[in-house]
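K.L.:
Questions regarding the structure given below will be posed in turn.
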Amino acid sequence: MNSLSRHTDYGSASLEESAVDPDPMAEFAGWLAAAEDAELYEPNAMIVSTADGDGRPSSRTVLLKGLDASGFEFVTNYASHKGRALLANPGVSLLFPWYPMQRQVIVTGAAHRTSPEVSDAYFAARPRGSRLAALASEQSQPIDSRAALEQRVRELELRFPGDAPIPRPDTWGAFRVIPDHIEFWQGRTSRLHDRLRFTVLPGGDWRLERLQP
Ligand SMILES: Cc1cc2nc3c(=O)[nH]c(=O)nc-3n(C[C@H](O)[C@H](O)[C@H](O)COP(=O)(O)O)c2cc1C
């Protein structure tokens, strides 16, 4: 069937003001756990959208690697397209596309580099091959060929043989996103979907509103 003309009616799950946690970070943690329990592929994948200093937008998928009561963390290359955009303009959107659950969450906020110690810990936790790849790749820059990239990895394997410690490149690290809005979306029948949006208030409390679908 042609997906462009399909009209899938979404299910019976609902989203009630009385049932969501008044702390949206706690609510988010519950939704992420539900996506994990549902065994969605890459439940921590999110679309990270940035706008550079000229306001030019761009989006890409990134994995959420850290979550606590106040923020979201992901790792990347600070010199990449997204990294440079965020350093020029920290405004960011994170979109979690949990389509099989007829859910999405959209976070907006500001992204800042974490401390080097936080990035070191994420780097140390990566498999050796991923650490070498991080060292080999000037993310978002053109390269002549796949062979040239693989050659760089081979050279690094010789430079860091066996279990030799691999230093974290200065350009690789974590961003921490402090949210100012978090919207929970649940698909409902006949496109009358539920949307609950939290907005942070100056004192740090959250205001909850229902948005029209
Ligand atoms: C499922 C998936 C997970 C990804 N996870 C990451 C990630 O955690 N960090 C990252 O830098 N890129 C990740 N990527 C690659 C990015 O989508 C993107 O190609 C890369 O970061 C360069 O983006 P940029 O040139 O816009 O900066 C992932 C891609 C996919 C499809």
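Letters for chains follow the order of the structure tokens (A, B, ...), residue numbers begin at 1 for each chain, and ligand numbers begin at 1 in the order shown.
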Could you give me, as a PDB file with N, CA and C atoms, in the first residue's frame, the residues within 6 Å of Thr199 (chain A), counting only C-alpha atoms and dropping anything in the same chain fewer than 3 positions from it?

P.N.:
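As written to disk, around.pdb reads:
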```pdb
ATOM      1  N   ASP A 180      13.805  23.600  28.563  1.00  0.00           N
ATOM      2  CA  ASP A 180      12.853  24.625  29.015  1.00  0.00           C
ATOM      3  C   ASP A 180      11.417  24.255  28.658  1.00  0.00           C
ATOM      4  N   HIS A 181      11.250  23.349  27.680  1.00  0.00           N
ATOM      5  CA  HIS A 181       9.922  22.815  27.364  1.00  0.00           C
ATOM      6  C   HIS A 181      10.054  21.304  27.129  1.00  0.00           C
ATOM      7  N   TRP A 206       7.518  23.601  37.096  1.00  0.00           N
ATOM      8  CA  TRP A 206       7.025  23.366  35.740  1.00  0.00           C
ATOM      9  C   TRP A 206       5.538  23.681  35.654  1.00  0.00           C
ATOM     10  N   ARG A 207       5.149  24.353  34.565  1.00  0.00           N
ATOM     11  CA  ARG A 207       3.721  24.581  34.278  1.00  0.00           C
ATOM     12  C   ARG A 207       3.287  23.572  33.232  1.00  0.00           C
TER      13      ARG A 207
END
```

K.L.:
Could you list, as number ranges by chain, all the residues within 7 Å of ligand 1, counting only C-alpha atoms and all ligand atoms?

P.N.:
A: 42, 45, 58-64, 74-77, 80-83, 139-140

K.L.:
Name all residues at most 10 Å from Ala88 (chain A) (count only C-alpha atoms; drop same-chain ones fewer than 6 positions away) and give them as a list in words.

P.N.:
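Near neighbours after the sequence-gap exclusion: Ala51, Asp52, Gly53, Asp54, Gly55 and Lys82 of chain A.
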
K.L.:
Please report, as a tab-separated table, each residue of region 53-112 of chain A lying at most 12 Å from region 14-38 of chain A, together with the nearest pair of atoms and the separation in Å rounded to one decimal; use only C-alpha atoms, and order rows by chain and ascending residue number.

P.N.:
```
residue	atom	partner	partner_atom	distance
A:Leu64	CA	A:Leu32	CA	10.3
A:Gly66	CA	A:Ala29	CA	11.0
A:Leu67	CA	A:Ala29	CA	7.9
A:Asp68	CA	A:Met25	CA	7.6
A:Ala69	CA	A:Met25	CA	5.8
A:Ser70	CA	A:Met25	CA	7.1
A:Gly71	CA	A:Met25	CA	7.9
A:Phe72	CA	A:Met25	CA	9.4
A:Leu95	CA	A:Phe28	CA	12.0
A:Phe96	CA	A:Leu32	CA	9.1
A:Pro97	CA	A:Ala35	CA	10.2
A:Trp98	CA	A:Ala35	CA	7.2
A:Tyr99	CA	A:Ala35	CA	10.0
A:Pro100	CA	A:Ala38	CA	8.9
A:Met101	CA	A:Ala35	CA	7.7
A:Gln102	CA	A:Ser14	CA	10.5
A:Arg103	CA	A:Trp31	CA	9.0
A:Gln104	CA	A:Trp31	CA	9.5
A:Val105	CA	A:Phe28	CA	8.0
A:Ile106	CA	A:Phe28	CA	10.3
A:Val107	CA	A:Phe28	CA	10.0
```

K.L.:
Check region 90-180 of chain A with DSSP on the backbone and list each residue it calls strand (DSSP E), as a count of residues only.

P.N.:
28

K.L.:
Check the smallest atom-to-atom distance from each of A:Ala110, A:Ala147, A:Ile166, A:Val48 to Ser130 (chain A) using only C-alpha atoms, then report the winner.

P.N.:
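The answer is A:Ile166, which sits nearest to Ser130 (chain A).
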
K.L.:
Compile the contact shell of Trp172 (chain A) as a CSV table (one decimal) with C-alpha atoms, in the first residue's frame: residues with an atom at most 12 Å away, counting only C-alpha atoms, same-chain residues fewer than 6 positions apart removed.

P.N.:
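Output file part.csv follows:
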```csv
chain,number,residue,atom,x,y,z
A,74,PHE,CA,24.7,13.0,24.3
A,75,VAL,CA,28.2,12.6,22.9
A,76,THR,CA,29.6,13.8,19.7
A,77,ASN,CA,32.3,15.8,18.0
A,78,TYR,CA,32.5,19.4,19.1
A,79,ALA,CA,33.9,20.4,15.7
A,80,SER,CA,31.2,18.6,13.7
A,83,GLY,CA,28.9,20.9,17.4
A,113,ARG,CA,29.6,21.3,26.7
A,114,THR,CA,30.0,19.2,29.8
A,115,SER,CA,33.2,19.2,31.9
A,116,PRO,CA,36.2,17.3,30.4
A,118,VAL,CA,32.3,13.9,32.2
A,119,SER,CA,33.4,13.5,28.5
A,120,ASP,CA,36.4,11.4,29.7
A,121,ALA,CA,34.0,9.0,31.5
A,122,TYR,CA,31.8,8.6,28.4
A,123,PHE,CA,34.9,8.1,26.2
A,124,ALA,CA,36.4,5.5,28.5
A,130,SER,CA,34.6,3.3,18.8
A,131,ARG,CA,37.4,5.2,20.6
A,132,LEU,CA,39.7,4.7,17.6
A,133,ALA,CA,37.0,5.8,15.2
A,134,ALA,CA,36.4,8.9,17.3
A,135,LEU,CA,40.1,9.7,17.0
A,136,ALA,CA,40.2,8.9,13.3
A,137,SER,CA,37.1,10.8,12.2
A,138,GLU,CA,37.0,14.6,11.7
A,139,GLN,CA,33.2,14.3,11.9
```

K.L.:
Which residue is closest to Phe198 (chain A)? Choose from A:Arg154, A:Arg210, A:Arg128, A:Lys65 and count only C-alpha atoms.

P.N.:
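Under the stated criterion, the closest residue is A:Arg210.
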
K.L.:
Pull the helix (DSSP H, G or I) assignments for chain A out of DSSP run on the backbone, and list those residues as a PyMOL selection string.

P.N.:
chain A and resi 3-5+17-19+24-37+81-88+99-101+116-124+128-136+146-159+189-191

K.L.:
Which residues are near Gln212 (chain A)? Cut-off 8 Å, only C-alpha atoms, ignore same chain within fewer than 3 positions. Put them as a PDB file with N, CA and C atoms, in the first residue's frame.

P.N.:
```
ATOM      1  N   HIS A 193      -5.356  13.762  19.014  1.00  0.00           N
ATOM      2  CA  HIS A 193      -4.253  13.296  19.824  1.00  0.00           C
ATOM      3  C   HIS A 193      -4.144  14.081  21.137  1.00  0.00           C
ATOM      4  N   ASP A 194      -3.449  13.478  22.095  1.00  0.00           N
ATOM      5  CA  ASP A 194      -3.169  14.161  23.366  1.00  0.00           C
ATOM      6  C   ASP A 194      -1.790  14.795  23.305  1.00  0.00           C
ATOM      7  N   ARG A 195      -1.721  16.049  23.722  1.00  0.00           N
ATOM      8  CA  ARG A 195      -0.428  16.750  23.811  1.00  0.00           C
ATOM      9  C   ARG A 195      -0.371  17.468  25.155  1.00  0.00           C
TER      10      ARG A 195
END
```

K.L.:
Please measure the separation of CA of Leu208 (chain A) and CA of Phe175 (chain A), giving the value in Å to one decimal.

P.N.:
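According to the coordinates, CA of Leu208 (chain A) and CA of Phe175 (chain A) are separated by 26.4 Å.
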
K.L.:
Work out how far apart CA of Val177 (chain A) and CA of Val92 (chain A) are and give it in Å to one decimal.

P.N.:
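About the pair CA of Val177 (chain A) and CA of Val92 (chain A): they are 7.8 Å apart.
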